[in-house]
>>> print(open('entry-v7.pdb').read())   # PDB, C-alpha atoms
MODEL        1
ATOM      1  CA  MET A   1      18.064  -9.908 -11.880
ATOM      2  CA  PRO A   2      17.184 -13.266 -13.449
ATOM      3  CA  ALA A   3      16.160 -15.889 -10.929
ATOM      4  CA  THR A   4      19.005 -18.201 -11.948
ATOM      5  CA  THR A   5      21.564 -15.492 -11.250
ATOM      6  CA  ALA A   6      19.985 -14.805  -7.873
ATOM      7  CA  THR A   7      20.728 -18.375  -6.773
ATOM      8  CA  SER A   8      24.352 -18.419  -7.916
ATOM      9  CA  GLY A   9      25.860 -17.158  -4.679
ATOM     10  CA  GLN A  10      26.205 -13.536  -5.787
ATOM     11  CA  ARG A  11      23.079 -12.415  -3.930
ATOM     12  CA  SER A  12      23.510  -9.554  -1.444
ATOM     13  CA  SER A  13      23.462 -10.355   2.282
ATOM     14  CA  GLU A  14      19.973  -8.816   2.535
ATOM     15  CA  GLY A  15      18.478 -10.979  -0.240
ATOM     16  CA  MET A  16      15.842 -13.651   0.455
ATOM     17  CA  GLY A  17      17.218 -16.958  -0.762
ATOM     18  CA  GLY A  18      13.933 -18.818  -0.385
ATOM     19  CA  LEU A  19      12.059 -16.229  -2.433
ATOM     20  CA  ALA A  20      14.696 -16.317  -5.162
ATOM     21  CA  LYS A  21      14.421 -20.101  -5.382
ATOM     22  CA  GLY A  22      10.636 -19.943  -5.495
ATOM     23  CA  LEU A  23      10.688 -17.357  -8.277
ATOM     24  CA  ALA A  24      13.148 -19.480 -10.237
ATOM     25  CA  ILE A  25      10.754 -22.431  -9.996
ATOM     26  CA  ILE A  26       7.817 -20.254 -11.076
ATOM     27  CA  GLU A  27       9.764 -18.999 -14.105
ATOM     28  CA  ALA A  28      10.580 -22.579 -15.101
ATOM     29  CA  LEU A  29       6.941 -23.632 -14.680
ATOM     30  CA  ALA A  30       5.722 -20.658 -16.693
ATOM     31  CA  ALA A  31       8.034 -21.637 -19.534
ATOM     32  CA  ARG A  32       7.278 -25.376 -19.571
ATOM     33  CA  GLY A  33       3.913 -25.871 -17.833
ATOM     34  CA  VAL A  34       4.882 -29.224 -16.297
ATOM     35  CA  LEU A  35       8.014 -30.135 -14.334
ATOM     36  CA  ASN A  36       9.294 -32.934 -12.162
ATOM     37  CA  VAL A  37      11.701 -32.256  -9.308
ATOM     38  CA  SER A  38      14.829 -33.008 -11.360
ATOM     39  CA  ASP A  39      13.721 -30.795 -14.239
ATOM     40  CA  ALA A  40      12.847 -27.975 -11.845
ATOM     41  CA  ALA A  41      16.236 -28.226 -10.114
ATOM     42  CA  ARG A  42      18.132 -28.090 -13.416
ATOM     43  CA  ALA A  43      16.005 -25.316 -14.926
ATOM     44  CA  SER A  44      16.321 -23.068 -11.876
ATOM     45  CA  ASN A  45      19.896 -23.985 -10.911
ATOM     46  CA  ILE A  46      19.038 -25.081  -7.374
ATOM     47  CA  THR A  47      19.310 -28.385  -5.509
ATOM     48  CA  ARG A  48      16.741 -31.159  -5.851
ATOM     49  CA  ALA A  49      15.823 -30.773  -2.183
ATOM     50  CA  SER A  50      15.175 -27.044  -2.590
ATOM     51  CA  ALA A  51      13.221 -27.600  -5.787
ATOM     52  CA  ARG A  52      11.050 -30.241  -4.120
ATOM     53  CA  ARG A  53      10.296 -27.977  -1.139
ATOM     54  CA  CYS A  54       9.329 -25.120  -3.468
ATOM     55  CA  LEU A  55       7.076 -27.310  -5.592
ATOM     56  CA  ILE A  56       5.339 -28.849  -2.582
ATOM     57  CA  THR A  57       4.747 -25.390  -1.105
ATOM     58  CA  LEU A  58       3.269 -24.161  -4.390
ATOM     59  CA  ALA A  59       1.030 -27.238  -4.464
ATOM     60  CA  GLU A  60      -0.136 -26.665  -0.876
ATOM     61  CA  LEU A  61      -1.015 -23.068  -1.756
ATOM     62  CA  GLY A  62      -2.997 -24.113  -4.816
ATOM     63  CA  TYR A  63      -0.649 -22.730  -7.480
ATOM     64  CA  VAL A  64       0.328 -26.115  -8.935
ATOM     65  CA  GLU A  65      -1.039 -29.653  -8.762
ATOM     66  CA  GLN A  66       0.997 -32.787  -8.244
ATOM     67  CA  SER A  67       0.341 -35.857 -10.354
ATOM     68  CA  GLY A  68       2.777 -38.615  -9.518
ATOM     69  CA  ARG A  69       6.257 -37.151  -9.998
ATOM     70  CA  GLU A  70       5.080 -34.189 -12.075
ATOM     71  CA  PHE A  71       3.896 -30.753 -11.009
ATOM     72  CA  ARG A  72       1.519 -28.919 -13.306
ATOM     73  CA  LEU A  73       0.773 -25.178 -13.491
ATOM     74  CA  LEU A  74      -2.729 -24.280 -12.250
ATOM     75  CA  PRO A  75      -4.857 -21.275 -13.370
ATOM     76  CA  ARG A  76      -4.241 -19.488 -10.062
ATOM     77  CA  LEU A  77      -0.554 -19.114 -10.866
ATOM     78  CA  ARG A  78      -1.264 -18.060 -14.446
ATOM     79  CA  LYS A  79      -3.635 -15.396 -13.156
ATOM     80  CA  LEU A  80      -0.940 -13.758 -11.020
ATOM     81  CA  GLY A  81       0.817 -12.215 -14.007
ATOM     82  CA  GLY A  82      -2.390 -11.343 -15.790
ATOM     83  CA  ALA A  83      -3.989  -9.820 -12.691
ATOM     84  CA  ALA A  84      -0.918  -7.703 -11.961
ATOM     85  CA  THR A  85      -0.803  -6.469 -15.559
ATOM     86  CA  GLY A  86      -4.524  -5.685 -15.562
ATOM     87  CA  ARG A  87      -4.273  -3.839 -12.276
ATOM     88  CA  ASP A  88      -1.342  -1.770 -13.518
ATOM     89  CA  GLN A  89      -3.262  -0.824 -16.660
ATOM     90  CA  MET A  90      -6.348   0.041 -14.644
ATOM     91  CA  ALA A  91      -4.316   2.176 -12.246
ATOM     92  CA  ARG A  92      -2.767   4.109 -15.136
ATOM     93  CA  LEU A  93      -6.155   4.745 -16.710
ATOM     94  CA  ALA A  94      -7.580   5.819 -13.349
ATOM     95  CA  GLY A  95      -4.811   8.301 -12.479
ATOM     96  CA  PRO A  96      -6.082  11.440 -14.248
ATOM     97  CA  LEU A  97      -9.726  10.613 -13.446
ATOM     98  CA  LEU A  98      -8.983  10.256  -9.735
ATOM     99  CA  ALA A  99      -7.039  13.515  -9.817
ATOM    100  CA  GLN A 100      -9.971  15.337 -11.396
ATOM    101  CA  ALA A 101     -12.370  13.976  -8.766
ATOM    102  CA  ARG A 102      -9.931  14.958  -6.022
ATOM    103  CA  ASP A 103      -9.795  18.502  -7.347
ATOM    104  CA  GLU A 104     -13.596  18.717  -7.425
ATOM    105  CA  LEU A 105     -14.003  17.367  -3.881
ATOM    106  CA  SER A 106     -10.799  18.623  -2.212
ATOM    107  CA  GLU A 107     -10.479  15.119  -0.724
ATOM    108  CA  SER A 108      -8.251  12.165  -1.556
ATOM    109  CA  VAL A 109      -9.809   9.707  -4.025
ATOM    110  CA  SER A 110      -8.720   6.079  -4.371
ATOM    111  CA  LEU A 111      -9.186   3.029  -6.572
ATOM    112  CA  ALA A 112      -9.309  -0.479  -5.116
ATOM    113  CA  VAL A 113      -9.801  -4.046  -6.347
ATOM    114  CA  LEU A 114     -10.657  -7.194  -4.421
ATOM    115  CA  ASP A 115      -7.538  -9.135  -3.418
ATOM    116  CA  ARG A 116      -8.736 -12.478  -2.033
ATOM    117  CA  ASP A 117     -11.348 -11.213   0.439
ATOM    118  CA  ARG A 118     -10.004  -7.703   1.098
ATOM    119  CA  PRO A 119      -9.913  -4.460  -0.859
ATOM    120  CA  LEU A 120      -6.450  -3.606  -2.193
ATOM    121  CA  PHE A 121      -5.721   0.007  -3.124
ATOM    122  CA  ILE A 122      -3.977   0.251  -6.499
ATOM    123  CA  ALA A 123      -4.205   3.988  -7.262
ATOM    124  CA  ARG A 124      -4.795   7.194  -5.318
ATOM    125  CA  ALA A 125      -4.952  10.940  -5.896
ATOM    126  CA  GLU A 126      -3.882  12.555  -2.637
ATOM    127  CA  ALA A 127      -5.327  15.774  -1.270
ATOM    128  CA  GLU A 128      -3.405  17.952   1.123
ATOM    129  CA  HIS A 129      -4.829  17.656   4.612
ATOM    130  CA  ILE A 130      -3.131  17.711   7.992
ATOM    131  CA  LEU A 131      -5.143  14.671   9.071
ATOM    132  CA  SER A 132      -4.437  11.627   6.884
ATOM    133  CA  THR A 133      -6.864   8.728   6.535
ATOM    134  CA  GLY A 134      -4.024   6.210   6.447
ATOM    135  CA  VAL A 135      -5.094   4.842   3.052
ATOM    136  CA  ARG A 136      -2.210   4.313   0.629
ATOM    137  CA  VAL A 137      -1.458   2.367  -2.533
ATOM    138  CA  GLY A 138      -0.698  -1.239  -1.633
ATOM    139  CA  ALA A 139      -2.734  -1.147   1.582
ATOM    140  CA  HIS A 140      -5.615  -3.494   2.402
ATOM    141  CA  LEU A 141      -8.799  -2.787   4.333
ATOM    142  CA  PRO A 142     -11.209  -5.246   5.961
ATOM    143  CA  ALA A 143     -14.146  -5.794   3.635
ATOM    144  CA  TYR A 144     -16.926  -6.074   6.206
ATOM    145  CA  CYS A 145     -16.618  -2.595   7.717
ATOM    146  CA  SER A 146     -15.337  -0.527   4.789
ATOM    147  CA  ALA A 147     -17.427   1.152   2.106
ATOM    148  CA  THR A 148     -14.978  -0.092  -0.515
ATOM    149  CA  GLY A 149     -15.279  -3.664   0.705
ATOM    150  CA  ARG A 150     -19.072  -3.605   0.618
ATOM    151  CA  VAL A 151     -19.089  -2.340  -2.956
ATOM    152  CA  LEU A 152     -16.612  -4.998  -4.087
ATOM    153  CA  LEU A 153     -18.496  -7.771  -2.275
ATOM    154  CA  GLY A 154     -21.606  -6.700  -4.176
ATOM    155  CA  GLN A 155     -20.453  -8.767  -7.162
ATOM    156  CA  PHE A 156     -21.191 -11.983  -5.239
ATOM    157  CA  SER A 157     -24.318 -13.796  -4.091
ATOM    158  CA  ASP A 158     -25.201 -13.968  -0.401
ATOM    159  CA  GLN A 159     -23.975 -17.552  -0.276
ATOM    160  CA  GLU A 160     -20.631 -16.647  -1.828
ATOM    161  CA  ILE A 161     -20.199 -13.748   0.603
ATOM    162  CA  ALA A 162     -21.005 -16.052   3.519
ATOM    163  CA  GLU A 163     -18.464 -18.588   2.279
ATOM    164  CA  ARG A 164     -15.823 -15.896   1.921
ATOM    165  CA  LEU A 165     -16.403 -14.060   5.190
ATOM    166  CA  GLY A 166     -18.723 -16.101   7.380
ATOM    167  CA  HIS A 167     -15.976 -18.154   9.024
ATOM    168  CA  LYS A 168     -13.950 -15.100  10.037
ATOM    169  CA  PRO A 169     -14.617 -12.975  13.125
ATOM    170  CA  PHE A 170     -15.908  -9.453  12.499
ATOM    171  CA  HIS A 171     -13.882  -7.432  14.979
ATOM    172  CA  GLN A 172     -15.689  -4.441  16.454
ATOM    173  CA  ARG A 173     -13.250  -1.702  15.527
ATOM    174  CA  THR A 174     -15.524   1.091  16.824
ATOM    175  CA  PRO A 175     -18.885   1.216  18.621
ATOM    176  CA  HIS A 176     -20.485   1.693  15.172
ATOM    177  CA  THR A 177     -18.974  -1.366  13.473
ATOM    178  CA  ILE A 178     -21.377  -3.953  12.079
ATOM    179  CA  THR A 179     -20.191  -7.319  13.369
ATOM    180  CA  GLY A 180     -22.822  -9.763  12.087
ATOM    181  CA  LEU A 181     -23.116 -11.458   8.709
ATOM    182  CA  MET A 182     -26.826 -10.762   8.236
ATOM    183  CA  PRO A 183     -26.556  -6.995   8.915
ATOM    184  CA  LEU A 184     -23.573  -6.914   6.565
ATOM    185  CA  LEU A 185     -25.570  -8.612   3.811
ATOM    186  CA  ALA A 186     -28.330  -6.056   4.331
ATOM    187  CA  GLU A 187     -25.805  -3.236   3.889
ATOM    188  CA  ILE A 188     -24.479  -4.835   0.700
ATOM    189  CA  HIS A 189     -28.022  -5.178  -0.667
ATOM    190  CA  THR A 190     -28.640  -1.503   0.064
ATOM    191  CA  ALA A 191     -25.367  -0.532  -1.623
ATOM    192  CA  ARG A 192     -26.296  -2.497  -4.750
ATOM    193  CA  LYS A 193     -29.714  -0.848  -4.910
ATOM    194  CA  ARG A 194     -28.585   2.755  -4.491
ATOM    195  CA  GLY A 195     -25.275   2.426  -6.351
ATOM    196  CA  TYR A 196     -22.917   3.368  -3.524
ATOM    197  CA  ALA A 197     -21.852   2.266  -0.047
ATOM    198  CA  MET A 198     -21.070   4.328   3.031
ATOM    199  CA  SER A 199     -19.134   3.560   6.177
ATOM    200  CA  ASN A 200     -19.842   6.031   8.957
ATOM    201  CA  GLU A 201     -17.112   5.746  11.604
ATOM    202  CA  GLU A 202     -17.204   1.935  11.420
ATOM    203  CA  LEU A 203     -13.583   1.458  10.431
ATOM    204  CA  GLU A 204     -12.172   4.265  12.534
ATOM    205  CA  LEU A 205     -13.743   6.853  14.803
ATOM    206  CA  GLY A 206     -13.774  10.279  13.196
ATOM    207  CA  MET A 207     -13.645   8.947   9.625
ATOM    208  CA  ARG A 208     -16.392   8.555   7.028
ATOM    209  CA  ALA A 209     -16.046   6.814   3.674
ATOM    210  CA  LEU A 210     -17.990   6.501   0.447
ATOM    211  CA  ALA A 211     -17.419   4.064  -2.430
ATOM    212  CA  VAL A 212     -19.005   3.430  -5.831
ATOM    213  CA  PRO A 213     -18.525   0.482  -8.208
ATOM    214  CA  VAL A 214     -16.504   0.412 -11.412
ATOM    215  CA  PHE A 215     -17.989  -1.964 -13.958
ATOM    216  CA  GLY A 216     -16.184  -4.086 -16.491
ATOM    217  CA  GLU A 217     -17.249  -6.604 -19.088
ATOM    218  CA  ALA A 218     -20.904  -7.715 -18.908
ATOM    219  CA  GLY A 219     -21.569  -5.336 -16.035
ATOM    220  CA  ALA A 220     -19.319  -7.133 -13.549
ATOM    221  CA  ILE A 221     -17.866  -5.096 -10.684
ATOM    222  CA  VAL A 222     -14.096  -4.936 -11.215
ATOM    223  CA  ALA A 223     -13.070  -2.130  -8.853
ATOM    224  CA  ALA A 224     -14.318   0.617  -6.554
ATOM    225  CA  VAL A 225     -13.655   4.349  -6.481
ATOM    226  CA  SER A 226     -13.758   5.744  -2.960
ATOM    227  CA  VAL A 227     -13.182   8.756  -0.792
ATOM    228  CA  SER A 228     -12.565   8.881   2.946
ATOM    229  CA  ALA A 229     -12.633  12.044   4.990
ATOM    230  CA  ALA A 230     -12.658  13.285   8.563
ATOM    231  CA  SER A 231     -16.191  13.369   9.964
ATOM    232  CA  ALA A 232     -15.449  16.789  11.448
ATOM    233  CA  ARG A 233     -14.800  18.096   7.935
ATOM    234  CA  VAL A 234     -17.382  16.237   5.842
ATOM    235  CA  ARG A 235     -20.946  15.449   6.904
ATOM    236  CA  ALA A 236     -22.716  12.251   5.885
ATOM    237  CA  ALA A 237     -25.210  14.385   3.946
ATOM    238  CA  ASP A 238     -22.329  15.926   1.999
ATOM    239  CA  LEU A 239     -21.161  12.462   0.975
ATOM    240  CA  ARG A 240     -24.607  11.474  -0.249
ATOM    241  CA  HIS A 241     -25.569  14.661  -2.057
ATOM    242  CA  HIS A 242     -22.294  16.120  -3.329
ATOM    243  CA  PHE A 243     -19.692  13.365  -3.341
ATOM    244  CA  VAL A 244     -21.769  10.543  -4.867
ATOM    245  CA  PRO A 245     -22.323  12.230  -8.284
ATOM    246  CA  VAL A 246     -18.641  13.124  -8.599
ATOM    247  CA  LEU A 247     -17.456   9.596  -7.768
ATOM    248  CA  GLN A 248     -20.074   7.994 -10.011
ATOM    249  CA  SER A 249     -18.975  10.187 -12.906
ATOM    250  CA  CYS A 250     -15.356   9.208 -12.281
ATOM    251  CA  ALA A 251     -16.275   5.505 -12.078
ATOM    252  CA  SER A 252     -18.385   5.693 -15.242
ATOM    253  CA  ARG A 253     -15.563   7.227 -17.258
ATOM    254  CA  LEU A 254     -13.126   4.663 -15.874
ATOM    255  CA  SER A 255     -15.522   1.827 -16.778
ATOM    256  CA  GLU A 256     -15.642   3.182 -20.338
ATOM    257  CA  ALA A 257     -11.849   3.415 -20.513
ATOM    258  CA  ILE A 258     -11.470  -0.121 -19.170
ATOM    259  CA  GLY A 259     -13.888  -1.414 -21.793
ATOM    260  CA  LYS A 260     -11.952   0.239 -24.596
ATOM    261  CA  ALA A 261      -8.676  -1.156 -23.237
ATOM    262  CA  GLU A 262     -10.254  -4.613 -22.791
ATOM    263  CA  ILE A 263      -9.086  -4.943 -19.196
ATOM    264  CA  SER A 264     -10.874  -7.627 -17.176
ATOM    265  CA  GLY A 265      -9.656  -6.496 -13.760
TER     266      GLY A 265
ENDMDL
END
>>> encode(input="entry-v7.pdb", output="C-alpha cells")
Amino acid sequence: MPATTATSGQRSSEGMGGLAKGLAIIEALAARGVLNVSDAARASNITRASARRCLITLAELGYVEQSGREFRLLPRLRKLGGAATGRDQMARLAGPLLAQARDELSESVSLAVLDRDRPLFIARAEAEHILSTGVRVGAHLPAYCSATGRVLLGQFSDQEIAERLGHKPFHQRTPHTITGLMPLLAEIHTARKRGYAMSNEELELGMRALAVPVFGEAGAIVAAVSVSAASARVRAADLRHHFVPVLQSCASRLSEAIGKAEISG
C-alpha cells in the first residue's frame, strides 16, 4: 500500500498510523532529498503538525539533519534501503551453501551480519533436532558473549570496539560468560588469529557455538557463518577439528559469490 493511501483514513483498525506517517515522510525525502514542514505535509498527505513531529524524530535519530526550516536526507537513511537490499542478496546467495554445510554437519548453520552493535541473523539452514538453539532469521544475539558477535567485531580496532560496547554492561548469562572488556578483546584477537571464534556455554548453559568470518571487498568482514549445538551432542574438540573446515569452506565460497555479485554487505 502506498504511504499516501495509508494515511487517507482507509487503514485497518490494526494499522499503525504513526508508522504510516513516518514512512510517507521517508518516501517524500527519498524522492526530493530536502523538505520543509509544509512540503513534507503536502507530499505525504498528512497535517503540518504530524509532518513536523516525524521530521524532528528522524532528526533526533540521525536520519536527517535540520538546517533552518529545511530537513535534509543523511547517509544513514540512504543506507537503510541499500543495506536491506544487500542483505537480501547475501541471504539468497548463502541459502544453498548453508544447506550444504548443514547436511555435512547435521547441525543448523546460520548467516549473520552486524546490525548496530549486535549480530542479526539473515539466513539459516535448519537441521532437525528435538532441542532447538533458539536462533532464527531476524533474531539478534549479544555480541560480547556469542561466537558470531566476536567474529563480526573483529573488523574493528580495540578502540572502536570499546566505544561500541564499553559503556554497556556485560550481563553474566552463565557462570562461563566473559563480562569484562579486556578479556573480550583478548578473545577477539584470538579469533582473528585463528580464523574462527567459539563460545562455550557463555550464552546459554548446554550450548556451544562456532563462527567464521565472511569477507567482502578489500578483505573486510561483512558477515559470519555459524553453527550452534547442544554441548551434550557436540564436543568442543568436534567444533575445532571437524566443524571449522566445513564452515570455512562455506564462508569462502560465499565470499567469492559476494565478490562476483558486488555486494558490500
>>> residues_around(input="entry-v7.pdb", residues="Ala209 of chain A", least_positions_apart="5", cutoff="6 Å", atoms="only C-alpha atoms", output="CSV table (one decimal) with C-alpha atoms, in the coordinates of the input")
chain,number,residue,atom,x,y,z
A,198,MET,CA,-21.1,4.3,3.0
A,199,SER,CA,-19.1,3.6,6.2
A,227,VAL,CA,-13.2,8.8,-0.8
A,228,SER,CA,-12.6,8.9,2.9
>>> closest_residue(input="entry-v7.pdb", among="A:Ile178, A:Ala236, A:Ala261, A:Ala147", to="Gly195 of chain A", atoms="all atoms listed in the file")
A:Ala147
>>> closest_residue(input="entry-v7.pdb", among="A:Ala229, A:Gly33, A:Thr190, A:Ala51", to="Ala127 of chain A", atoms="all atoms listed in the file")
A:Ala229
>>> atom_distance(input="entry-v7.pdb", atom1="atom CA of Leu23 of chain A", atom2="atom CA of Val113 of chain A")
24.5 Å
>>> residues_around(input="entry-v7.pdb", residues="Arg48 of chain A", least_positions_apart="3", cutoff="10 Å", atoms="all atoms listed in the file", output="PyMOL selection string")
chain A and resi 36-42+45+51-54
>>> closest_residue(input="entry-v7.pdb", among="A:Leu185, A:Cys145, A:Val244, A:Cys250", to="Asn200 of chain A", atoms="all atoms listed in the file")
A:Cys145
>>> residues_around(input="entry-v7.pdb", residues="Leu58 of chain A", least_positions_apart="5", cutoff="10 Å", atoms="all atoms listed in the file", output="list in words")
Gly22, Ile25, Ile26, Arg52, Arg53, Tyr63, Val64, Glu65, Gln66, Phe71, Leu73, Leu74 and Leu77 of chain A
>>> resolve_selection(input="entry-v7.pdb", expression="the PyMOL selection byres ((chain A and resi 168) around 12)", output="ChimeraX atom specification")
/A:117,142-144,161-167,169-171,179-181
>>> atom_distance(input="entry-v7.pdb", atom1="atom CA of Gly62 of chain A", atom2="atom CA of Asp115 of chain A")
15.7 Å
>>> residues_around(input="entry-v7.pdb", residues="segment 151-153 of chain A", least_positions_apart="3", cutoff="8 Å", atoms="only C-alpha atoms", output="PyMOL selection string")
chain A and resi 113-114+119+143+147-148+156+161+188+191-192+196-197+211-213+221-224
>>> axis_aligned_box(input="entry-v7.pdb", around="segment 52-60 of chain A", padding_each_side="8 Å", output="lines of an AutoDock Vina configuration file")
center_x = 5.5
center_y = -27.2
center_z = -3.2
size_x = 27.2
size_y = 22.1
size_z = 20.7
